[in-house]
Structure formats: structure tokens, C-alpha cells
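A short worksheet on the structure shown next.
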Amino acid sequence: PAVYLIKRVIGLPGDTLTYRNKQLMINGQVMSKVLSGTEVYFDEAGNRTTVRRWLEDLGTVSHSVYEKFVPGREAIDIKIPAGHFFMMGDNRDDSDDSRSWGFVP
């Protein structure tokens with residue numbers, strides 16, 4: 001309860017999500033993204049990390065997402081159950097989100 005996690009709703013009830021090789025698909029449609037630069041940040045251990053910054057288009061909203069220059073996380077291919085949402089953080093390679101803790105009622 002003392003920790004607030006800010007995530008983006010990526011999947012609605014009934015949606016099918018695929019995330020593979022750092023590419024998001026919702027209901028079979030590729031969510032386009034355009035490279036918009038790089039950023040540097042320091043992780044919790046103080047290590048310097050450089051990431052690519054992309055502008056991702058989810059149809060009704062565009063936002064920045066961040067990806068490391070290394071292979072991505074495990075692939076997902078799921079259907080969102082009724083009454084639930086799928087959340088993803090904008091830092092796609094390091095975010096603790098629905099890929100870790102599941103659907104949100």
C-alpha cells in the first residue's frame with residue numbers, strides 16, 4: 001500500500017495481446033512506433049544505462065516507451081479475461097507490470 005506503481009493500460013477485457021521482439025500487437029494489429037532518440041538513466045544499483053526512446057501509437061494515444069539495446073523480455077501472447085486489464089510500464093525492459101503480477105481487476 002505504500003508503493004504507487006504508475007502503469008499504462010495496454011489491454012482491455014477481451015483483447016488479445018502479443019509482445020515479441022519488443023513489438024506490441026493488440027488484436028492482431030501492430031502498434032506503430034517511431035524512434036525519437038536515446039536517454040541515459042542510472043538504475044537502482046547506480047549503473048549507467050542507455051535506452052532507445054520510441055514514440056508508440058496506441059491508436060487514440062501516443063506516448064514514449066523506452067527499450068534497452070539488448071534482447072527484450074520473454075514473449076507474451078494472451079487474451080485479457082472479462083473484468084480485467086493488462087498494464088505495462090513505459091520502460092518495457094525493466095518494468096514490473098502485468099507481465100510480472102498478472103491482470104488487474
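By convention in this document, the chains of the C-alpha cells carry letters A, B, ... by their order, each chain's residues are numbered from 1, and ligands are numbered from 1 in the order they are shown.
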Could you pull the residues within 9 Å of Thr16 of chain A, counting only C-alpha atoms, minus those fewer than 3 positions along the same chain, as a ChimeraX atom specification?
/A:11-13,25-28,77-80
Kindly save the residues from that selection, with N, CA and C atoms included, as a PDB file, in the first residue's frame.
```pdb
ATOM      1  N   GLY A  11      -4.133  -3.404 -22.395  1.00  0.00           N
ATOM      2  CA  GLY A  11      -5.134  -4.367 -22.829  1.00  0.00           C
ATOM      3  C   GLY A  11      -6.429  -4.246 -22.067  1.00  0.00           C
ATOM      4  N   LEU A  12      -7.534  -4.229 -22.802  1.00  0.00           N
ATOM      5  CA  LEU A  12      -8.875  -4.162 -22.227  1.00  0.00           C
ATOM      6  C   LEU A  12      -9.492  -5.553 -22.196  1.00  0.00           C
ATOM      7  N   PRO A  13     -10.557  -5.736 -21.424  1.00  0.00           N
ATOM      8  CA  PRO A  13     -11.205  -7.045 -21.384  1.00  0.00           C
ATOM      9  C   PRO A  13     -11.548  -7.546 -22.796  1.00  0.00           C
ATOM     10  N   MET A  25       1.511  -5.927 -30.252  1.00  0.00           N
ATOM     11  CA  MET A  25       0.358  -6.086 -31.127  1.00  0.00           C
ATOM     12  C   MET A  25      -0.884  -6.212 -30.250  1.00  0.00           C
ATOM     13  N   ILE A  26      -1.928  -5.502 -30.623  1.00  0.00           N
ATOM     14  CA  ILE A  26      -3.206  -5.581 -29.917  1.00  0.00           C
ATOM     15  C   ILE A  26      -4.250  -6.036 -30.927  1.00  0.00           C
ATOM     16  N   ASN A  27      -4.890  -7.168 -30.631  1.00  0.00           N
ATOM     17  CA  ASN A  27      -5.900  -7.751 -31.514  1.00  0.00           C
ATOM     18  C   ASN A  27      -5.381  -7.917 -32.947  1.00  0.00           C
ATOM     19  N   GLY A  28      -4.135  -8.367 -33.048  1.00  0.00           N
ATOM     20  CA  GLY A  28      -3.524  -8.636 -34.347  1.00  0.00           C
ATOM     21  C   GLY A  28      -2.989  -7.421 -35.080  1.00  0.00           C
ATOM     22  N   ASP A  77       1.698 -13.827 -25.341  1.00  0.00           N
ATOM     23  CA  ASP A  77       0.596 -13.965 -26.289  1.00  0.00           C
ATOM     24  C   ASP A  77      -0.604 -14.392 -25.450  1.00  0.00           C
ATOM     25  N   ILE A  78      -1.453 -13.429 -25.077  1.00  0.00           N
ATOM     26  CA  ILE A  78      -2.510 -13.698 -24.108  1.00  0.00           C
ATOM     27  C   ILE A  78      -3.819 -13.029 -24.510  1.00  0.00           C
ATOM     28  N   LYS A  79      -4.887 -13.534 -23.944  1.00  0.00           N
ATOM     29  CA  LYS A  79      -6.205 -12.910 -24.075  1.00  0.00           C
ATOM     30  C   LYS A  79      -6.595 -12.380 -22.699  1.00  0.00           C
ATOM     31  N   ILE A  80      -7.045 -11.119 -22.658  1.00  0.00           N
ATOM     32  CA  ILE A  80      -7.402 -10.485 -21.398  1.00  0.00           C
ATOM     33  C   ILE A  80      -8.788 -10.999 -20.982  1.00  0.00           C
TER      34      ILE A  80
END
```
Neighbour list for segment 34-49 of chain A as a PyMOL selection string, cut-off 12 Å, only C-alpha atoms, skip fewer than 5 positions in-chain:
chain A and resi 23+54-57+62-70+91+93-95
Dump of all heavy atoms for the selected residues, as a compact mmCIF listing (two decimals), in the first residue's frame:
```
# COMPACT_ATOMS: atom_id res chain seq x y z
N GLN A 23 8.01 -5.69 -29.91
CA GLN A 23 6.92 -5.15 -30.72
C GLN A 23 5.58 -5.55 -30.12
O GLN A 23 5.33 -6.72 -29.88
CB GLN A 23 7.02 -5.68 -32.16
CG GLN A 23 5.94 -5.15 -33.07
CD GLN A 23 6.01 -3.64 -33.24
OE1 GLN A 23 7.01 -3.10 -33.69
NE2 GLN A 23 4.96 -2.94 -32.84
N TRP A 54 11.22 5.60 -27.97
CA TRP A 54 10.32 5.47 -29.12
C TRP A 54 9.03 6.21 -28.83
O TRP A 54 8.59 6.27 -27.69
CB TRP A 54 9.96 4.00 -29.36
CG TRP A 54 11.11 3.11 -29.67
CD1 TRP A 54 11.92 2.48 -28.77
CD2 TRP A 54 11.58 2.72 -30.95
NE1 TRP A 54 12.86 1.72 -29.42
CE2 TRP A 54 12.67 1.85 -30.77
CE3 TRP A 54 11.16 3.02 -32.25
CZ2 TRP A 54 13.36 1.28 -31.83
CZ3 TRP A 54 11.86 2.44 -33.31
CH2 TRP A 54 12.94 1.59 -33.09
N LEU A 55 8.39 6.73 -29.85
CA LEU A 55 7.05 7.26 -29.73
C LEU A 55 6.12 6.17 -30.24
O LEU A 55 6.14 5.84 -31.44
CB LEU A 55 6.88 8.55 -30.53
CG LEU A 55 5.53 9.24 -30.37
CD1 LEU A 55 5.29 9.64 -28.92
CD2 LEU A 55 5.43 10.45 -31.27
N GLU A 56 5.34 5.57 -29.34
CA GLU A 56 4.45 4.47 -29.69
C GLU A 56 3.03 5.00 -29.84
O GLU A 56 2.57 5.80 -29.05
CB GLU A 56 4.50 3.41 -28.58
CG GLU A 56 3.64 2.20 -28.87
CD GLU A 56 3.79 1.15 -27.79
OE1 GLU A 56 3.34 1.40 -26.65
OE2 GLU A 56 4.38 0.10 -28.08
N ASP A 57 2.34 4.54 -30.87
CA ASP A 57 0.99 4.97 -31.17
C ASP A 57 0.03 3.83 -30.84
O ASP A 57 0.10 2.76 -31.43
CB ASP A 57 0.88 5.34 -32.64
CG ASP A 57 -0.47 5.86 -33.05
OD1 ASP A 57 -1.35 5.99 -32.18
OD2 ASP A 57 -0.64 6.15 -34.24
N SER A 62 -0.60 8.57 -28.12
CA SER A 62 0.81 8.32 -28.39
C SER A 62 1.60 8.65 -27.13
O SER A 62 1.25 9.59 -26.42
CB SER A 62 1.31 9.17 -29.55
OG SER A 62 0.68 8.79 -30.75
N HIS A 63 2.64 7.89 -26.88
CA HIS A 63 3.45 8.11 -25.68
C HIS A 63 4.84 7.54 -25.91
O HIS A 63 5.05 6.74 -26.83
CB HIS A 63 2.79 7.45 -24.46
CG HIS A 63 2.67 5.98 -24.62
ND1 HIS A 63 1.64 5.39 -25.31
CD2 HIS A 63 3.46 4.97 -24.21
CE1 HIS A 63 1.79 4.08 -25.31
NE2 HIS A 63 2.90 3.80 -24.65
N SER A 64 5.78 7.94 -25.08
CA SER A 64 7.15 7.43 -25.18
C SER A 64 7.27 6.10 -24.46
O SER A 64 6.69 5.90 -23.40
CB SER A 64 8.13 8.43 -24.57
OG SER A 64 8.19 9.61 -25.33
N VAL A 65 8.03 5.19 -25.07
CA VAL A 65 8.43 3.95 -24.42
C VAL A 65 9.94 3.85 -24.54
O VAL A 65 10.55 4.45 -25.43
CB VAL A 65 7.74 2.69 -25.01
CG1 VAL A 65 6.24 2.73 -24.78
CG2 VAL A 65 8.05 2.52 -26.47
N TYR A 66 10.55 3.09 -23.64
CA TYR A 66 12.00 3.01 -23.56
C TYR A 66 12.44 1.56 -23.63
O TYR A 66 11.85 0.69 -22.98
CB TYR A 66 12.47 3.65 -22.24
CG TYR A 66 11.95 5.05 -22.10
CD1 TYR A 66 10.72 5.30 -21.49
CD2 TYR A 66 12.65 6.11 -22.64
CE1 TYR A 66 10.22 6.60 -21.40
CE2 TYR A 66 12.15 7.40 -22.55
CZ TYR A 66 10.95 7.63 -21.94
OH TYR A 66 10.45 8.91 -21.86
N GLU A 67 13.46 1.29 -24.45
CA GLU A 67 13.95 -0.07 -24.63
C GLU A 67 15.46 -0.09 -24.60
O GLU A 67 16.12 0.76 -25.19
CB GLU A 67 13.49 -0.63 -25.98
CG GLU A 67 11.99 -0.70 -26.12
CD GLU A 67 11.55 -1.06 -27.53
OE1 GLU A 67 12.39 -1.01 -28.45
OE2 GLU A 67 10.37 -1.38 -27.70
N LYS A 68 16.00 -1.10 -23.92
CA LYS A 68 17.45 -1.29 -23.89
C LYS A 68 17.94 -1.77 -25.25
O LYS A 68 17.17 -2.23 -26.09
CB LYS A 68 17.83 -2.31 -22.83
CG LYS A 68 17.62 -1.81 -21.41
CD LYS A 68 18.09 -2.85 -20.42
CE LYS A 68 17.97 -2.35 -19.01
NZ LYS A 68 18.37 -3.37 -18.04
N PHE A 69 19.25 -1.71 -25.45
CA PHE A 69 19.87 -2.15 -26.69
C PHE A 69 20.16 -3.65 -26.69
O PHE A 69 20.90 -4.14 -27.51
CB PHE A 69 21.19 -1.39 -26.93
CG PHE A 69 20.98 0.04 -27.34
CD1 PHE A 69 20.80 1.03 -26.39
CD2 PHE A 69 20.96 0.40 -28.68
CE1 PHE A 69 20.61 2.35 -26.77
CE2 PHE A 69 20.78 1.71 -29.07
CZ PHE A 69 20.60 2.70 -28.10
N VAL A 70 19.58 -4.37 -25.75
CA VAL A 70 19.79 -5.82 -25.62
C VAL A 70 18.49 -6.54 -25.94
O VAL A 70 17.44 -5.91 -26.00
CB VAL A 70 20.27 -6.18 -24.19
CG1 VAL A 70 21.61 -5.53 -23.90
CG2 VAL A 70 19.25 -5.76 -23.15
N ASN A 91 8.91 1.75 -19.47
CA ASN A 91 10.25 1.20 -19.54
C ASN A 91 10.08 -0.30 -19.79
O ASN A 91 10.05 -1.11 -18.87
CB ASN A 91 11.01 1.47 -18.24
CG ASN A 91 12.44 1.02 -18.31
OD1 ASN A 91 12.83 0.27 -19.18
ND2 ASN A 91 13.24 1.49 -17.38
N ASP A 93 11.70 -2.89 -20.83
CA ASP A 93 12.61 -3.97 -20.46
C ASP A 93 12.79 -4.11 -18.95
O ASP A 93 13.24 -5.14 -18.48
CB ASP A 93 13.99 -3.75 -21.11
CG ASP A 93 13.93 -3.92 -22.61
OD1 ASP A 93 13.29 -4.88 -23.08
OD2 ASP A 93 14.50 -3.08 -23.33
N ASP A 94 12.45 -3.09 -18.18
CA ASP A 94 12.70 -3.12 -16.74
C ASP A 94 11.47 -2.86 -15.88
O ASP A 94 11.58 -2.66 -14.69
CB ASP A 94 13.77 -2.08 -16.35
CG ASP A 94 15.17 -2.58 -16.63
OD1 ASP A 94 15.38 -3.81 -16.64
OD2 ASP A 94 16.06 -1.74 -16.85
N SER A 95 10.29 -2.86 -16.46
CA SER A 95 9.10 -2.52 -15.71
C SER A 95 8.49 -3.73 -15.02
O SER A 95 8.34 -4.79 -15.60
CB SER A 95 8.06 -1.90 -16.64
OG SER A 95 6.94 -1.49 -15.90
```
With DSSP run on the backbone, what are the strand (DSSP E) residues within chain A? I'd like them as a ChimeraX atom specification.
/A:8-11,16-20,23-26,29-30,33-42,48-57,62-68,76-79,86-88
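Reported to one decimal place, the separation of atom CA of Ser32 of chain A from atom CA of Gly14 of chain A is 21.1 Å.
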